[in-house]
Every structure is written in structure tokens, then in C-alpha cells.
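**Student:** Please see the structure below; I have some questions.
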Amino acid sequence: MFRHPKKKVLQMKHQHFYPALSKLKGRVLEIGFGYGESLGYYFSNCKIFALEKSDKKIKEQKNSLTAHKNVFFSKGEAESLPFEGGFFDAVAISFVLCSVNSLDMAMREIERVLKPGGKLIFLEHVRSENKVIGRLQDILAKPYSRIAKNCHPNRNPILLLNNDIFDLSIKVKVPYILSKLVFAQAYKKEV
């Protein structure tokens, strides 16, 4: 049975990503906070640092979330995070890594701001493991990114997390259009 892709994304968010947010503690950076759909899922004593590159979204959220004293807004991009190293207990990302200008730089910045032992949770669509489909995604990536807000269908951040810096655990992987939706968690290894 065919399921609309948006329904599959919402299902993954509600079954995996949002419940994982409720287990985070301390200072949490959410990259691509958007319109704050995730806010109600965080533990009440978390300090949430909401990173957005859009002034408009930040202004709208500041106005609508004045009652939330534990939300701190910052303007910036994942490739150049405006925070000191080792500042965060956790980083959360949902459908952002596909659209950053440099996936390598974004992952290095996440690693930099995350404390040793800190947790990264993410939900992303990733490049197909099928060689033919993966190659097709590579070919279509440039024109597709122009019409889809810089989204690159051929990225796979999992490859950058499977290293000596992070302990990676892929929790769920489901088919999605020509690729997979992946919900994963990674802990930054203690030095």
C-alpha cells in the first residue's frame, strides 16, 4: 500500500524523533528550529537553543513563545555555529542536513559544540544504498536542490558519524521515495 511521503515523515517524527526529544536534558541545540513544532516534546527543565537562519522565523517565534523562558533563539547556520566548543549536552536535527551548504562543515561544527558524552539525534532522508538509484540521485541532486530549497537527495550523514568520534546507533530505517528515512542517535565519545 502506497503511503504519501509526508505521512511517512510525520509518522517517523511522532514515533521516534519527538519521543527522543523528551529524554534529552541540559542544554540542547536544535538546528533548524523552524516554527517550533518540537517545543512541546522537550523535558521542562531543558534549556533549548533554537538555531534558525531566517530572521523572519526567529522574530515570529520570539513573539509567539514569550511564555517559554527556557528557549533561546540564535541566528546562524549549521556550518558555523555561534557557540563555544563543548557547550551542549545534546543536539537535535530533523531534515536539515540535506539542505546545508556543506555537510562536512556542519558535522564538524556539531562535533565541536557537543560535550564529550553528548548526544546527537537526527531524522533525515539519506542516499539510496542501491547503486543505480544512488547514481540517479547524484545526477538529480543539483537541479533538484534548486527547486527544493537546497535539499540534496544524495546525502548520507551516517557516513560521517560512523567514525572514531561518535558511537552511532541507527534506530529505524524505512523506505522513502527513492531512498530511506533514518532515525539515529550518536554519542560523542569521551576523550
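Scheme for the C-alpha cells: letters A, B, ... for chains in order shown; per-chain residue numbers from 1; ligand numbers from 1 in order shown.
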Applying 9 Å and only C-alpha atoms, which residues near Lys75 in chain A remain after dropping the ones on its own chain fewer than 5 positions away? List them as a list in words.

**Tutor:**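 Answer for this query is Ala50, Leu51, Glu52, Lys53, Ser54, Asp55, Ile58 and Pro82 of chain A.
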
**Student:** Could you save those same residues with C-alpha atoms as an mmCIF file, in the first residue's frame?

**Tutor:**
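File out20.cif, as written:
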data_model
loop_
_atom_site.group_PDB
_atom_site.id
_atom_site.type_symbol
_atom_site.label_atom_id
_atom_site.label_comp_id
_atom_site.auth_asym_id
_atom_site.auth_seq_id
_atom_site.Cartn_x
_atom_site.Cartn_y
_atom_site.Cartn_z
ATOM 1 C CA ALA A 50 16.805 27.320 18.812
ATOM 2 C CA LEU A 51 19.016 27.935 15.793
ATOM 3 C CA GLU A 52 17.448 29.346 12.671
ATOM 4 C CA LYS A 53 18.925 31.135 9.693
ATOM 5 C CA SER A 54 15.721 33.031 8.963
ATOM 6 C CA ASP A 55 15.225 36.359 10.752
ATOM 7 C CA ILE A 58 13.125 33.926 14.737
ATOM 8 C CA PRO A 82 27.687 30.676 17.083
#

**Student:** What are the closest atom pairs, with distances in Å to one decimal, for each residue of range 23-54 of chain A lying within 8 Å of range 91-103 of chain A, using only C-alpha atoms, rows by chain and rising residue number, as a Markdown table?

**Tutor:**
| residue | atom | partner | partner_atom | distance |
| --- | --- | --- | --- | --- |
| A:Val28 | CA | A:Val91 | CA | 5.6 |
| A:Leu29 | CA | A:Val91 | CA | 4.7 |
| A:Glu30 | CA | A:Ala92 | CA | 4.7 |
| A:Ile31 | CA | A:Ile93 | CA | 5.5 |
| A:Gly32 | CA | A:Val96 | CA | 6.3 |

**Student:** Can I get the selection written as a short mmCIF file (atom, residue, chain, number, x, y, z; two decimals), in the first residue's frame, with N, CA and C atoms?

**Tutor:**
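Result file is part-v2.cif:
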data_model
loop_
_atom_site.label_atom_id
_atom_site.label_comp_id
_atom_site.auth_asym_id
_atom_site.auth_seq_id
_atom_site.Cartn_x
_atom_site.Cartn_y
_atom_site.Cartn_z
N VAL A 28 20.30 21.98 25.09
CA VAL A 28 20.03 21.29 23.84
C VAL A 28 20.00 22.29 22.70
N LEU A 29 20.76 22.01 21.67
CA LEU A 29 20.74 22.81 20.45
C LEU A 29 19.85 22.11 19.44
N GLU A 30 18.82 22.82 18.97
CA GLU A 30 18.03 22.29 17.86
C GLU A 30 18.36 23.13 16.64
N ILE A 31 19.00 22.50 15.68
CA ILE A 31 19.39 23.17 14.44
C ILE A 31 18.21 23.10 13.48
N GLY A 32 17.78 24.27 13.01
CA GLY A 32 16.61 24.32 12.14
C GLY A 32 15.33 24.23 12.95
#

**Student:** Name the residues in contact with Phe83 in chain A at a cut-off of 9 Å, using only C-alpha atoms, excluding same-chain residues fewer than 4 positions from it; report them as a short mmCIF file (atom, residue, chain, number, x, y, z; two decimals) with C-alpha atoms, in the first residue's frame.

**Tutor:**
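File out-v8.cif, as written:
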data_model
loop_
_atom_site.label_atom_id
_atom_site.label_comp_id
_atom_site.auth_asym_id
_atom_site.auth_seq_id
_atom_site.Cartn_x
_atom_site.Cartn_y
_atom_site.Cartn_z
CA PHE A 87 28.67 23.78 25.23
CA PHE A 88 25.77 21.39 24.55
CA VAL A 113 29.82 22.22 20.19
#

**Student:** What residues in range 62-172 of chain A get the DSSP label strand (DSSP E)? Please answer as a PyMOL selection string.

**Tutor:** chain A and resi 71-75+88-94+114-126+166-172

**Student:** Enter the distance from CA of Phe17 in chain A to CA of Gly34 in chain A, in Å, rounded to one decimal.

**Tutor:** 15.2 Å

**Student:** Residues within 9 Å of range 120-123 of chain A, please, as an NGL selection string. Count only C-alpha atoms; anything in the same chain fewer than 3 positions from it doesn't count.

**Tutor:** :A and (12-13 or 16-17 or 20-21 or 89-96 or 110 or 114 or 181-188)

**Student:** Of the candidates A:Ser74, A:Gln61, A:Asn45, A:Ser128, which shows the shortest atom-to-atom distance to Pro175 in chain A, using only C-alpha atoms?

**Tutor:** A:Ser128

**Student:** Quote the spacing between CA of Asn70 in chain A and CA of Ile48 in chain A in Å to one decimal place.

**Tutor:**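 If I compute the distance from CA of Asn70 in chain A to CA of Ile48 in chain A, I get 6.0 Å.
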
**Student:** Using DSSP secondary structure from the backbone, list all helix (DSSP H, G or I) positions within range 37-159 of chain A, as a VMD selection string.

**Tutor:** chain A and resid 39 to 41 55 to 64 103 to 113 131 to 147 158 to 159

**Student:** So how far away is CA of His152 in chain A from CA of Ile133 in chain A, in Å?

**Tutor:**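 Interatomic distance, CA of Ile133 in chain A to CA of His152 in chain A: 13.9 Å.
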